[in-house]
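So this block is upload_13.cif, mmCIF, C-alpha atoms and all ligand atoms:
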```
data_my_file
#
loop_
_atom_site.label_atom_id
_atom_site.label_comp_id
_atom_site.auth_asym_id
_atom_site.auth_seq_id
_atom_site.Cartn_x
_atom_site.Cartn_y
_atom_site.Cartn_z
CA MET A 1 67.59 263.97 -10.59
CA ARG A 2 65.20 262.17 -8.24
CA SER A 3 62.09 264.34 -8.19
CA PHE A 4 60.33 265.34 -4.97
CA VAL A 5 57.85 262.73 -3.79
CA PRO A 6 55.25 264.58 -1.70
CA ASN A 7 55.16 263.14 1.82
CA GLU A 8 52.04 263.12 3.94
CA GLY A 9 50.81 266.73 4.10
CA TYR A 10 53.69 268.05 1.99
CA SER A 11 53.83 269.63 -1.42
CA GLU A 12 56.61 271.36 -3.32
CA VAL A 13 56.89 275.13 -3.75
CA SER A 14 59.84 276.61 -5.66
CA GLY A 15 61.75 273.36 -5.21
CA ILE A 16 61.32 273.32 -1.41
CA PRO A 17 58.99 270.96 0.47
CA VAL A 18 56.27 272.88 2.35
CA ARG A 19 53.64 271.61 4.71
CA GLN A 20 49.97 272.47 4.27
CA GLY A 21 50.67 275.66 2.36
CA ARG A 22 53.08 277.05 5.02
CA ARG A 23 56.39 278.20 3.66
CA THR A 24 58.39 278.86 6.82
CA VAL A 25 61.96 277.60 6.87
CA LEU A 26 64.07 277.65 10.04
CA VAL A 27 67.82 278.16 9.55
CA ASN A 28 69.88 277.41 12.67
CA GLY A 29 73.17 279.28 12.29
CA GLY A 30 71.56 281.61 9.73
CA GLY A 31 73.82 284.50 10.80
CA GLY A 32 76.98 282.66 9.75
CA PHE A 33 78.86 282.48 6.47
CA LEU A 34 76.89 279.64 4.84
CA GLY A 35 73.66 280.20 6.78
CA SER A 36 73.31 283.81 5.63
CA HIS A 37 73.63 282.78 1.98
CA LEU A 38 71.03 280.09 2.57
CA CYS A 39 68.59 282.58 4.21
CA GLU A 40 69.02 284.92 1.26
CA ARG A 41 68.36 282.23 -1.35
CA LEU A 42 65.28 280.95 0.51
CA LEU A 43 63.83 284.48 0.70
CA GLN A 44 64.50 284.94 -3.02
CA ARG A 45 62.39 281.83 -3.60
CA GLY A 46 59.47 283.34 -1.70
CA HIS A 47 59.79 281.51 1.63
CA SER A 48 59.47 282.97 5.11
CA VAL A 49 62.73 282.48 6.97
CA ILE A 50 63.54 282.34 10.66
CA CYS A 51 67.24 282.75 11.38
CA LEU A 52 68.10 281.22 14.76
CA ASP A 53 71.60 282.09 15.96
CA ASN A 54 73.56 282.98 19.08
CA PHE A 55 76.00 285.04 16.97
CA SER A 56 79.05 283.43 18.55
CA THR A 57 80.95 283.03 15.25
CA GLY A 58 78.38 284.63 12.93
CA ARG A 59 77.55 288.31 12.66
CA ARG A 60 74.38 290.35 12.40
CA THR A 61 75.97 292.28 9.52
CA ASN A 62 75.72 289.08 7.44
CA VAL A 63 71.93 289.38 7.52
CA ASP A 64 71.45 293.16 7.96
CA HIS A 65 70.46 293.46 4.30
CA LEU A 66 67.60 290.98 4.89
CA ALA A 67 66.18 292.76 7.96
CA SER A 68 63.74 294.93 6.00
CA ASN A 69 62.11 291.86 4.43
CA THR A 70 58.83 291.15 6.26
CA ARG A 71 59.30 287.42 5.64
CA PHE A 72 62.59 287.42 7.59
CA ARG A 73 62.93 287.10 11.35
CA ILE A 74 65.89 286.69 13.68
CA VAL A 75 65.60 284.63 16.87
CA GLU A 76 68.65 284.98 19.12
CA HIS A 77 69.00 281.58 20.75
CA ASP A 78 71.59 278.94 21.59
CA VAL A 79 70.83 275.52 20.04
CA ARG A 80 72.18 273.85 23.19
CA GLN A 81 68.90 274.95 24.81
CA PRO A 82 65.60 273.43 23.60
CA PHE A 83 63.43 275.44 21.21
CA ASP A 84 60.02 275.03 19.70
CA ILE A 85 59.51 276.70 16.32
CA ASP A 86 56.87 275.63 13.84
CA ALA A 87 58.50 275.38 10.43
CA SER A 88 58.04 272.90 7.60
CA LEU A 89 61.76 272.65 6.94
CA ILE A 90 64.78 273.09 9.23
CA PHE A 91 68.42 273.50 8.24
CA ASN A 92 70.80 272.91 11.16
CA PHE A 93 73.92 274.94 10.31
CA ALA A 94 74.68 276.08 13.88
CA SER A 95 78.23 275.18 14.86
CA PRO A 96 81.61 276.88 14.87
CA ALA A 97 83.31 275.68 11.68
CA SER A 98 86.81 277.10 11.45
CA PRO A 99 89.48 275.15 13.38
CA PRO A 100 90.55 278.17 15.53
CA ASP A 101 86.86 278.86 16.30
CA TYR A 102 85.96 275.30 17.26
CA GLN A 103 89.17 274.71 19.22
CA ARG A 104 88.69 277.91 21.27
CA ASP A 105 85.86 276.25 23.22
CA PRO A 106 86.12 272.50 22.52
CA VAL A 107 83.55 271.42 25.11
CA GLY A 108 81.11 274.05 23.84
CA THR A 109 81.71 272.86 20.26
CA LEU A 110 80.98 269.24 21.08
CA LEU A 111 77.85 270.17 23.02
CA THR A 112 76.64 272.50 20.28
CA ASN A 113 76.80 269.63 17.84
CA VAL A 114 75.31 266.97 20.11
CA LEU A 115 72.70 268.97 22.05
CA GLY A 116 72.04 271.13 18.98
CA ALA A 117 71.20 267.97 17.01
CA VAL A 118 68.97 266.61 19.80
CA ASN A 119 67.07 269.90 20.20
CA THR A 120 66.69 270.34 16.43
CA LEU A 121 65.47 266.77 15.98
CA ASP A 122 63.05 267.07 18.93
CA CYS A 123 61.66 270.22 17.36
CA ALA A 124 61.24 268.43 14.00
CA ARG A 125 59.66 265.44 15.72
CA LYS A 126 57.01 267.67 17.33
CA THR A 127 56.20 269.69 14.22
CA GLY A 128 56.76 267.06 11.51
CA ALA A 129 59.37 269.24 9.78
CA ILE A 130 61.95 267.84 7.38
CA VAL A 131 65.37 268.45 8.95
CA VAL A 132 68.65 268.92 7.06
CA GLN A 133 71.98 268.58 8.84
CA SER A 134 75.19 270.34 7.80
CA SER A 135 77.73 267.62 8.42
CA THR A 136 81.31 267.75 7.25
CA SER A 137 84.15 266.04 5.42
CA GLU A 138 85.81 266.02 8.87
CA VAL A 139 83.80 262.87 9.63
CA TYR A 140 86.42 261.18 7.38
CA GLY A 141 89.24 262.55 9.58
CA ASP A 142 92.69 262.04 8.04
CA PRO A 143 91.46 259.70 5.32
CA ASN A 144 93.46 256.74 4.13
CA GLN A 145 91.20 256.43 1.10
CA SER A 146 90.81 259.04 -1.65
CA PRO A 147 88.54 260.35 -3.00
CA GLN A 148 86.25 259.93 0.00
CA HIS A 149 83.02 258.09 -0.79
CA GLU A 150 80.08 258.22 1.64
CA SER A 151 80.60 254.53 2.46
CA TYR A 152 84.06 255.27 3.93
CA CYS A 153 83.84 255.29 7.74
CA GLY A 154 86.82 257.55 8.30
CA ASN A 155 89.96 257.78 10.38
CA VAL A 156 89.33 260.20 13.24
CA ASN A 157 91.45 260.75 16.34
CA PRO A 158 88.78 261.03 19.07
CA ILE A 159 91.16 262.53 21.65
CA GLY A 160 93.05 265.06 19.51
CA PRO A 161 92.34 268.80 19.25
CA ARG A 162 90.00 268.31 16.26
CA GLY A 163 88.00 265.59 18.04
CA CYS A 164 85.49 268.05 19.56
CA TYR A 165 84.33 269.01 16.08
CA ASP A 166 84.84 265.72 14.23
CA GLU A 167 83.25 263.56 16.91
CA GLY A 168 80.53 266.16 17.54
CA LYS A 169 79.57 265.99 13.86
CA ARG A 170 79.82 262.19 13.81
CA SER A 171 77.57 261.93 16.89
CA ALA A 172 75.12 264.34 15.28
CA GLU A 173 74.94 262.07 12.21
CA THR A 174 74.25 259.10 14.51
CA LEU A 175 71.46 261.03 16.23
CA PHE A 176 69.94 262.02 12.89
CA PHE A 177 69.82 258.44 11.65
CA ASP A 178 68.58 257.10 15.01
CA TYR A 179 65.75 259.67 15.14
CA HIS A 180 64.88 258.63 11.61
CA ARG A 181 64.85 254.89 12.37
CA THR A 182 63.28 255.20 15.83
CA TYR A 183 60.78 258.06 15.42
CA GLY A 184 60.40 258.35 11.65
CA VAL A 185 61.79 261.91 11.50
CA ASP A 186 62.39 262.93 7.87
CA ILE A 187 66.14 263.65 7.84
CA LYS A 188 68.80 264.66 5.34
CA VAL A 189 72.53 264.67 6.12
CA GLY A 190 74.88 266.58 3.82
CA ARG A 191 78.67 266.35 4.25
CA ILE A 192 80.22 269.67 3.31
CA PHE A 193 83.77 269.85 1.94
CA ASN A 194 85.82 273.08 2.30
CA THR A 195 83.61 275.91 1.09
CA TYR A 196 84.65 279.55 0.68
CA GLY A 197 83.24 282.85 -0.50
CA PRO A 198 82.01 286.28 0.55
CA ARG A 199 80.97 286.73 4.22
CA MET A 200 83.75 284.64 5.70
CA ARG A 201 85.17 286.73 8.54
CA LEU A 202 88.48 288.58 8.12
CA ASP A 203 89.73 286.69 11.20
CA ASP A 204 87.93 283.42 10.42
CA GLY A 205 91.24 281.53 10.36
CA ARG A 206 90.44 279.19 7.49
CA VAL A 207 92.93 278.94 4.66
CA VAL A 208 91.12 280.79 1.86
CA SER A 209 90.23 283.85 3.95
CA ASN A 210 93.67 283.86 5.63
CA PHE A 211 95.58 283.76 2.33
CA ILE A 212 93.39 286.38 0.64
CA VAL A 213 93.56 288.82 3.56
CA GLN A 214 97.32 288.27 3.90
CA ALA A 215 97.84 288.75 0.14
CA LEU A 216 95.77 291.96 0.03
CA ARG A 217 97.85 293.33 2.93
CA ASN A 218 101.13 292.18 1.30
CA ALA A 219 101.76 290.21 4.48
CA ASP A 220 103.35 286.74 4.58
CA LEU A 221 101.13 283.89 3.39
CA THR A 222 101.32 281.38 6.24
CA ILE A 223 101.44 277.73 5.21
CA TYR A 224 101.12 275.31 8.12
CA GLY A 225 103.54 272.43 7.52
CA ASP A 226 105.03 271.56 4.12
CA GLY A 227 102.01 272.72 2.11
CA GLN A 228 101.70 269.34 0.37
CA GLN A 229 98.43 268.56 2.17
CA THR A 230 95.46 268.82 -0.20
CA ARG A 231 91.95 270.26 -0.06
CA SER A 232 89.15 270.64 -2.63
CA PHE A 233 87.49 274.05 -2.56
CA CYS A 234 83.84 274.69 -3.37
CA TYR A 235 82.33 278.14 -3.99
CA VAL A 236 79.47 279.03 -1.65
CA ASP A 237 76.77 279.47 -4.35
CA ASP A 238 77.36 275.94 -5.63
CA LEU A 239 77.17 274.51 -2.11
CA ILE A 240 73.88 276.28 -1.33
CA ASP A 241 72.48 275.09 -4.64
CA GLY A 242 73.36 271.52 -3.62
CA PHE A 243 71.61 271.90 -0.25
CA LEU A 244 68.47 273.36 -1.86
CA ARG A 245 68.28 270.42 -4.26
CA PHE A 246 68.89 268.00 -1.40
CA SER A 247 66.12 269.48 0.75
CA ALA A 248 63.69 269.08 -2.16
CA ALA A 249 64.72 265.49 -2.93
CA GLY A 250 62.27 262.72 -2.04
CA SER A 251 61.94 261.42 1.51
CA ALA A 252 63.95 258.30 0.60
CA CYS A 253 66.98 260.53 -0.04
CA ASN A 254 68.39 260.79 3.50
CA GLY A 255 72.07 260.76 2.59
CA PRO A 256 74.67 261.02 3.85
CA ILE A 257 75.66 262.84 0.71
CA ASN A 258 78.97 264.57 -0.10
CA LEU A 259 78.63 268.18 -1.25
CA GLY A 260 81.87 269.73 -2.46
CA ASN A 261 84.05 270.44 -5.44
CA PRO A 262 86.29 267.50 -6.41
CA ALA A 263 89.03 269.76 -7.87
CA GLU A 264 91.83 268.90 -5.44
CA MET A 265 95.02 270.92 -4.92
CA THR A 266 97.84 271.36 -2.47
CA VAL A 267 97.76 274.22 0.03
CA ARG A 268 101.03 275.44 -1.50
CA ARG A 269 99.37 275.71 -4.94
CA LEU A 270 96.44 277.60 -3.43
CA ALA A 271 98.86 280.13 -1.90
CA GLU A 272 100.52 280.68 -5.29
CA ILE A 273 97.20 281.10 -7.09
CA ILE A 274 95.94 283.66 -4.57
CA ARG A 275 99.21 285.58 -4.61
CA ASP A 276 99.09 285.78 -8.43
CA LEU A 277 95.39 286.70 -8.51
CA THR A 278 95.92 289.62 -6.13
CA ASN A 279 99.23 290.79 -7.69
CA SER A 280 100.55 290.65 -4.15
CA ARG A 281 104.12 291.21 -2.98
CA SER A 282 103.58 288.69 -0.15
CA ARG A 283 106.18 286.03 0.62
CA ILE A 284 105.05 282.45 1.17
CA VAL A 285 106.34 281.18 4.52
CA HIS A 286 106.06 277.89 6.36
CA LEU A 287 104.92 277.61 9.98
CA PRO A 288 104.82 274.41 12.06
CA ALA A 289 102.21 271.87 10.98
CA VAL A 290 99.04 271.68 13.07
CA THR A 291 98.17 268.50 14.97
CA ASP A 292 96.09 265.90 13.14
CA ASP A 293 95.85 268.04 9.99
CA PRO A 294 94.33 265.76 7.31
CA ARG A 295 96.87 265.08 4.52
CA GLN A 296 94.32 264.79 1.74
CA ARG A 297 90.70 265.58 1.11
CA ARG A 298 88.64 265.15 -2.04
CA PRO A 299 84.93 264.35 -2.30
CA ASP A 300 83.52 261.57 -4.41
CA ILE A 301 80.35 263.33 -5.60
CA SER A 302 78.90 260.54 -7.72
CA ARG A 303 75.97 260.15 -5.29
CA ALA A 304 75.09 263.87 -5.45
CA MET A 305 75.32 263.76 -9.25
CA ALA A 306 73.03 260.71 -9.48
CA ASP A 307 70.48 261.59 -6.76
CA LEU A 308 70.35 265.39 -7.03
CA GLY A 309 71.60 266.05 -10.57
CA TRP A 310 74.09 268.36 -8.84
CA GLN A 311 77.70 269.23 -9.45
CA PRO A 312 79.64 272.44 -8.83
CA ARG A 313 79.65 274.96 -11.70
CA ILE A 314 81.91 277.72 -10.46
CA GLY A 315 85.64 277.22 -11.01
CA LEU A 316 88.28 278.23 -8.49
CA GLU A 317 89.53 281.31 -10.37
CA THR A 318 86.02 282.76 -10.68
CA GLY A 319 85.11 281.95 -7.08
CA LEU A 320 88.36 283.34 -5.74
CA ALA A 321 88.00 286.53 -7.81
CA ARG A 322 84.56 287.15 -6.25
CA THR A 323 85.94 286.44 -2.79
CA VAL A 324 88.94 288.73 -3.30
CA GLU A 325 86.56 291.50 -4.37
CA TYR A 326 84.55 291.00 -1.17
CA PHE A 327 87.60 291.14 1.13
CA ASP A 328 89.03 294.09 -0.81
CA GLY A 329 85.85 296.04 -0.03
CA LEU A 330 85.85 294.88 3.58
CA LEU A 331 89.50 295.89 4.10
CA ALA A 332 88.93 299.27 2.45
CA GLY A 333 86.04 299.84 4.89
CA THR A 334 88.08 298.66 7.87
CA GLU A 335 91.05 300.85 6.99
CA LYS A 336 88.75 303.85 6.45
CA ALA A 337 87.16 303.21 9.86
CA GLU A 338 90.63 303.01 11.43
CA VAL A 339 91.65 306.37 9.87
CA VAL A 340 88.47 308.15 11.08
P1 LIG B 1 80.10 280.03 10.65
O1 LIG B 1 80.89 279.99 11.90
O2 LIG B 1 80.21 281.24 9.80
O3 LIG B 1 78.56 279.81 10.95
C1 LIG B 1 78.08 279.08 12.05
C2 LIG B 1 76.91 279.83 12.64
O4 LIG B 1 76.39 279.07 13.74
C3 LIG B 1 77.31 281.20 13.21
O5 LIG B 1 76.39 282.19 12.82
C4 LIG B 1 77.29 280.98 14.72
O6 LIG B 1 77.04 282.17 15.45
C5 LIG B 1 76.19 279.94 14.86
N1 LIG B 1 76.33 279.15 16.08
C6 LIG B 1 77.44 278.54 16.57
N2 LIG B 1 77.17 277.92 17.74
C7 LIG B 1 75.84 278.15 17.99
C8 LIG B 1 74.98 277.79 19.05
N3 LIG B 1 75.42 277.06 20.09
N4 LIG B 1 73.69 278.20 18.99
C9 LIG B 1 73.23 278.95 17.95
N5 LIG B 1 74.02 279.32 16.92
C10 LIG B 1 75.31 278.93 16.94
O7 LIG B 1 80.51 278.72 9.81
P2 LIG B 1 80.03 278.22 8.38
O8 LIG B 1 81.22 277.98 7.55
O9 LIG B 1 78.94 279.06 7.86
O10 LIG B 1 79.46 276.78 8.77
C11 LIG B 1 78.07 276.52 8.86
C12 LIG B 1 77.85 275.03 9.08
O11 LIG B 1 78.40 274.28 8.00
C13 LIG B 1 78.52 274.51 10.36
O12 LIG B 1 77.67 273.57 10.96
C14 LIG B 1 79.76 273.83 9.85
O13 LIG B 1 80.18 272.78 10.70
C15 LIG B 1 79.30 273.31 8.51
N6 LIG B 1 80.43 273.12 7.58
C16 LIG B 1 81.00 274.19 6.95
C17 LIG B 1 82.06 273.99 6.09
C18 LIG B 1 82.70 275.12 5.32
O14 LIG B 1 83.66 274.86 4.58
N7 LIG B 1 82.24 276.35 5.39
C19 LIG B 1 82.60 272.69 5.92
C20 LIG B 1 82.00 271.65 6.60
C21 LIG B 1 80.90 271.85 7.42
N1 LIG B 2 96.20 276.29 6.49
C1 LIG B 2 97.40 276.93 6.22
N2 LIG B 2 97.50 278.24 6.53
C2 LIG B 2 96.50 278.96 7.10
C3 LIG B 2 95.28 278.30 7.40
C4 LIG B 2 95.18 276.95 7.08
O1 LIG B 2 98.34 276.33 5.70
O2 LIG B 2 96.69 280.17 7.35
C5 LIG B 2 96.07 274.88 6.11
C6 LIG B 2 95.58 273.96 7.22
O3 LIG B 2 96.66 273.50 8.00
C7 LIG B 2 94.92 272.86 6.40
C8 LIG B 2 94.35 273.58 5.17
O4 LIG B 2 95.08 274.81 5.09
O5 LIG B 2 95.90 271.94 5.95
C9 LIG B 2 92.86 273.88 5.28
O6 LIG B 2 92.64 274.51 6.52
P1 LIG B 2 91.25 275.14 6.94
O7 LIG B 2 91.39 275.64 8.32
O8 LIG B 2 90.79 276.10 5.90
O9 LIG B 2 90.22 273.93 6.87
P2 LIG B 2 90.26 272.41 7.37
O10 LIG B 2 90.11 271.64 6.12
O11 LIG B 2 91.56 272.12 8.03
O12 LIG B 2 89.14 272.29 8.31
#
```
Represent the structure contained in this file as structure tokens.
Amino acid sequence: MRSFVPNEGYSEVSGIPVRQGRRTVLVNGGGGFLGSHLCERLLQRGHSVICLDNFSTGRRTNVDHLASNTRFRIVEHDVRQPFDIDASLIFNFASPASPPDYQRDPVGTLLTNVLGAVNTLDCARKTGAIVVQSSTSEVYGDPNQSPQHESYCGNVNPIGPRGCYDEGKRSAETLFFDYHRTYGVDIKVGRIFNTYGPRMRLDDGRVVSNFIVQALRNADLTIYGDGQQTRSFCYVDDLIDGFLRFSAAGSACNGPINLGNPAEMTVRRLAEIIRDLTNSRSRIVHLPAVTDDPRQRRPDISRAMADLGWQPRIGLETGLARTVEYFDGLLAGTEKAEVV
């Protein structure tokens, strides 16, 4: 692992770079699935955390349990509008992430990623903060190379229904590297591959939450297309661990860096595993394929292993079991609320 090289005015506290003794970390999108786990882990490490979110796809209930902590603050704000917050480290996780979410308002999605990047980088430029971007495996589009290494430039359809997200994230990466080269902003770009776990929404629309909720309700498990498309699923705790290591890595470690679990499987296999794990009576059914759905996706994580000493530790069965437990509790609560 490349150890943290203190930059001008920076030192390291609990593995996180801090400036002049201040320990405030800004998490854009901190009310979402990944952002709320990140806020929690940063607080556990003793940092002060500002969660900036417009709660469009995230929920306040994700961070309710943090509200009593005096080091935690929520700022309701849209990253498309400028903001000025003095933190030593910024994580930009603000963007709809599930395909139904980001396709509901495609123009808003693109602008969130482009203007959100500009406003976050301008804020970092003013304050001297280190800024970490949550990019995505979607920058590789429907890859014709597998596994995907960071040097692969991708195969994205700019005018298809996924373009608003894919091109928004690609533009954000460009902005991050241009602010770095032009203004010397200390940036880090992490490319996240499909990550799952507790605090995904019941109606999030992504495959893991859909299949688990369907299986627990004994409803049909809906495969889009033939189910032979592949994904590689990473448990949330592993992903957050990767981002924390990345944020503490020396200033020469800008990325882009793939963060994901290389264990690849077909969507059909995932449906079978979840049905077995939940002892569900669900049928597995096939619905029409979605446009521009990538056929394969698997991260090459050799760079993360070499530069961060990171690799995922939590296997699919363990991660899914924890996620099933979470949704089981959520559904029990929902059904109780419906009865009352
Ligand atoms: P999420 O939808 O749960 O979280 C996104 C958060 O951003 C939400 O709280 C939402 O309210 C907030 N947000 C959206 N638009 C905003 C805006 N204009 N201003 C302020 N806040 C806004 O999704 P997630 O899975 O937690 O994803 C978090 C980040 O990680 C996203 O940037 C996403 O693109 C990226 N990512 C996630 C995955 C994954 O598998 N979970 C994969 C690749 C990339
Ligand atoms: N998928 C599916 N059924 C669902 C939801 C998704 O078959 O109910 C498929 C989807 O078409 C894709 C894969 O599962 O091939 C992963 O989809 P997801 O939305 O989770 O993430 P993506 O990787 O597409 O962004």
**OP:** State, in Å with one decimal place, the distance from atom CA of Ser232 of chain A to atom CA of Pro288 of chain A.
**Re:** 21.8 Å
**OP:** Can you pull out every residue within 6 Å of Phe233 of chain A, counting all atoms listed in the file, but drop anything in the same chain fewer than 2 positions away, and send it as a PyMOL selection string?
**Re:** chain A and resi 194-195+261
**OP:** Please extract the residues at most 10 Å from ligand LIG 2 (chain B), counting all atoms listed in the file, and provide them as a PyMOL selection string, using the chain letters and residue numbers of this document.
**Re:** chain A and resi 97-102+136-138+141+162+165-166+193-196+204-214+220-233+266-268+270-271+285-297
Would you put the residues from that selection into a file with C-alpha atoms, as a PDB file, in the coordinates of the input?
```
ATOM      1  CA  ALA A  97      83.310 275.680  11.680  1.00  0.00           C
ATOM      2  CA  SER A  98      86.810 277.100  11.450  1.00  0.00           C
ATOM      3  CA  PRO A  99      89.480 275.150  13.380  1.00  0.00           C
ATOM      4  CA  PRO A 100      90.550 278.170  15.530  1.00  0.00           C
ATOM      5  CA  ASP A 101      86.860 278.860  16.300  1.00  0.00           C
ATOM      6  CA  TYR A 102      85.960 275.300  17.260  1.00  0.00           C
ATOM      7  CA  THR A 136      81.310 267.750   7.250  1.00  0.00           C
ATOM      8  CA  SER A 137      84.150 266.040   5.420  1.00  0.00           C
ATOM      9  CA  GLU A 138      85.810 266.020   8.870  1.00  0.00           C
ATOM     10  CA  GLY A 141      89.240 262.550   9.580  1.00  0.00           C
ATOM     11  CA  ARG A 162      90.000 268.310  16.260  1.00  0.00           C
ATOM     12  CA  TYR A 165      84.330 269.010  16.080  1.00  0.00           C
ATOM     13  CA  ASP A 166      84.840 265.720  14.230  1.00  0.00           C
ATOM     14  CA  PHE A 193      83.770 269.850   1.940  1.00  0.00           C
ATOM     15  CA  ASN A 194      85.820 273.080   2.300  1.00  0.00           C
ATOM     16  CA  THR A 195      83.610 275.910   1.090  1.00  0.00           C
ATOM     17  CA  TYR A 196      84.650 279.550   0.680  1.00  0.00           C
ATOM     18  CA  ASP A 204      87.930 283.420  10.420  1.00  0.00           C
ATOM     19  CA  GLY A 205      91.240 281.530  10.360  1.00  0.00           C
ATOM     20  CA  ARG A 206      90.440 279.190   7.490  1.00  0.00           C
ATOM     21  CA  VAL A 207      92.930 278.940   4.660  1.00  0.00           C
ATOM     22  CA  VAL A 208      91.120 280.790   1.860  1.00  0.00           C
ATOM     23  CA  SER A 209      90.230 283.850   3.950  1.00  0.00           C
ATOM     24  CA  ASN A 210      93.670 283.860   5.630  1.00  0.00           C
ATOM     25  CA  PHE A 211      95.580 283.760   2.330  1.00  0.00           C
ATOM     26  CA  ILE A 212      93.390 286.380   0.640  1.00  0.00           C
ATOM     27  CA  VAL A 213      93.560 288.820   3.560  1.00  0.00           C
ATOM     28  CA  GLN A 214      97.320 288.270   3.900  1.00  0.00           C
ATOM     29  CA  ASP A 220     103.350 286.740   4.580  1.00  0.00           C
ATOM     30  CA  LEU A 221     101.130 283.890   3.390  1.00  0.00           C
ATOM     31  CA  THR A 222     101.320 281.380   6.240  1.00  0.00           C
ATOM     32  CA  ILE A 223     101.440 277.730   5.210  1.00  0.00           C
ATOM     33  CA  TYR A 224     101.120 275.310   8.120  1.00  0.00           C
ATOM     34  CA  GLY A 225     103.540 272.430   7.520  1.00  0.00           C
ATOM     35  CA  ASP A 226     105.030 271.560   4.120  1.00  0.00           C
ATOM     36  CA  GLY A 227     102.010 272.720   2.110  1.00  0.00           C
ATOM     37  CA  GLN A 228     101.700 269.340   0.370  1.00  0.00           C
ATOM     38  CA  GLN A 229      98.430 268.560   2.170  1.00  0.00           C
ATOM     39  CA  THR A 230      95.460 268.820  -0.200  1.00  0.00           C
ATOM     40  CA  ARG A 231      91.950 270.260  -0.060  1.00  0.00           C
ATOM     41  CA  SER A 232      89.150 270.640  -2.630  1.00  0.00           C
ATOM     42  CA  PHE A 233      87.490 274.050  -2.560  1.00  0.00           C
ATOM     43  CA  THR A 266      97.840 271.360  -2.470  1.00  0.00           C
ATOM     44  CA  VAL A 267      97.760 274.220   0.030  1.00  0.00           C
ATOM     45  CA  ARG A 268     101.030 275.440  -1.500  1.00  0.00           C
ATOM     46  CA  LEU A 270      96.440 277.600  -3.430  1.00  0.00           C
ATOM     47  CA  ALA A 271      98.860 280.130  -1.900  1.00  0.00           C
ATOM     48  CA  VAL A 285     106.340 281.180   4.520  1.00  0.00           C
ATOM     49  CA  HIS A 286     106.060 277.890   6.360  1.00  0.00           C
ATOM     50  CA  LEU A 287     104.920 277.610   9.980  1.00  0.00           C
ATOM     51  CA  PRO A 288     104.820 274.410  12.060  1.00  0.00           C
ATOM     52  CA  ALA A 289     102.210 271.870  10.980  1.00  0.00           C
ATOM     53  CA  VAL A 290      99.040 271.680  13.070  1.00  0.00           C
ATOM     54  CA  THR A 291      98.170 268.500  14.970  1.00  0.00           C
ATOM     55  CA  ASP A 292      96.090 265.900  13.140  1.00  0.00           C
ATOM     56  CA  ASP A 293      95.850 268.040   9.990  1.00  0.00           C
ATOM     57  CA  PRO A 294      94.330 265.760   7.310  1.00  0.00           C
ATOM     58  CA  ARG A 295      96.870 265.080   4.520  1.00  0.00           C
ATOM     59  CA  GLN A 296      94.320 264.790   1.740  1.00  0.00           C
ATOM     60  CA  ARG A 297      90.700 265.580   1.110  1.00  0.00           C
TER      61      ARG A 297
END
```
Contact residues around segment 309-311 of chain A with all atoms listed in the file at 9 Å, ignoring same-chain residues under 2 positions, as a compact mmCIF listing (two decimals) with C-alpha atoms, keeping the file's coordinate frame:
```txt
# COMPACT_ATOMS: atom_id res chain seq x y z
CA MET A 1 67.59 263.97 -10.59
CA ARG A 2 65.20 262.17 -8.24
CA ASP A 238 77.36 275.94 -5.63
CA ASP A 241 72.48 275.09 -4.64
CA GLY A 242 73.36 271.52 -3.62
CA ARG A 245 68.28 270.42 -4.26
CA LEU A 259 78.63 268.18 -1.25
CA GLY A 260 81.87 269.73 -2.46
CA ASN A 261 84.05 270.44 -5.44
CA ILE A 301 80.35 263.33 -5.60
CA SER A 302 78.90 260.54 -7.72
CA ALA A 304 75.09 263.87 -5.45
CA MET A 305 75.32 263.76 -9.25
CA ALA A 306 73.03 260.71 -9.48
CA ASP A 307 70.48 261.59 -6.76
CA ARG A 313 79.65 274.96 -11.70
```
Original post:
Please, which residues have at least one atom within 8 Å of an atom of ligand LIG 1 (chain B), using all atoms listed in the file, listed as JSON, numbers by chain?
Top reply: {"A": [28, 29, 30, 31, 32, 33, 34, 35, 36, 52, 53, 54, 55, 56, 57, 58, 59, 76, 77, 78, 79, 80, 92, 93, 94, 95, 96, 97, 98, 101, 108, 109, 111, 112, 113, 116, 133, 134, 135, 136, 137, 138, 165, 169, 191, 192, 193, 194, 195, 196, 199, 200, 201, 204, 234]}
Original post:
atom CA of Gly315 of chain A and atom CA of Ala219 of chain A, how far apart in Å?
Top reply: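 Atom CA of Ala219 of chain A sits 25.9 Å away from atom CA of Gly315 of chain A.
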Original post:
In file coordinates, which residues lie within 8 Å of (103.5, 282.4, -2.9) using all atoms listed in the file, given as number ranges by chain?
Top reply: A: 221, 268, 271-276, 282-284
**OP:** Please provide the set of residues having any atom within 6 Å of segment 69-73 of chain A, restricted to all atoms listed in the file, with same-chain residues fewer than 6 positions apart removed, written as JSON, numbers by chain.
**Re:** {"A": [48, 49, 50]}
Go ahead and save the picked residues with C-alpha atoms, as a tab-separated table (two decimals), in the frame of the given file.
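Output saved as result_9.tsv:
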```tsv
chain	number	residue	atom	x	y	z
A	48	SER	CA	59.47	282.97	5.11
A	49	VAL	CA	62.73	282.48	6.97
A	50	ILE	CA	63.54	282.34	10.66
```
Report, as JSON, the axis-aligned box around all atoms of segment 313-321 of chain A present in the file, extended by 6 Å on each side; give centre and edge lengths in Å to one decimal place.
```
{"center_x": 84.6, "center_y": 280.7, "center_z": -8.7, "size_x": 21.9, "size_y": 23.6, "size_z": 18.0}
```
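Using only C-alpha atoms, the nearest neighbour of Cys253 of chain A within the list A:Pro198, A:Pro158, A:Gly319, A:Gly190 is A:Gly190.
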Original post:
Which one of A:Ala124, A:Ile130, A:Val114, A:Ile159 sits closest to Ala172 of chain A if you count all atoms listed in the file?
Top reply: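 Closest to Ala172 of chain A, using all atoms listed in the file: A:Val114.
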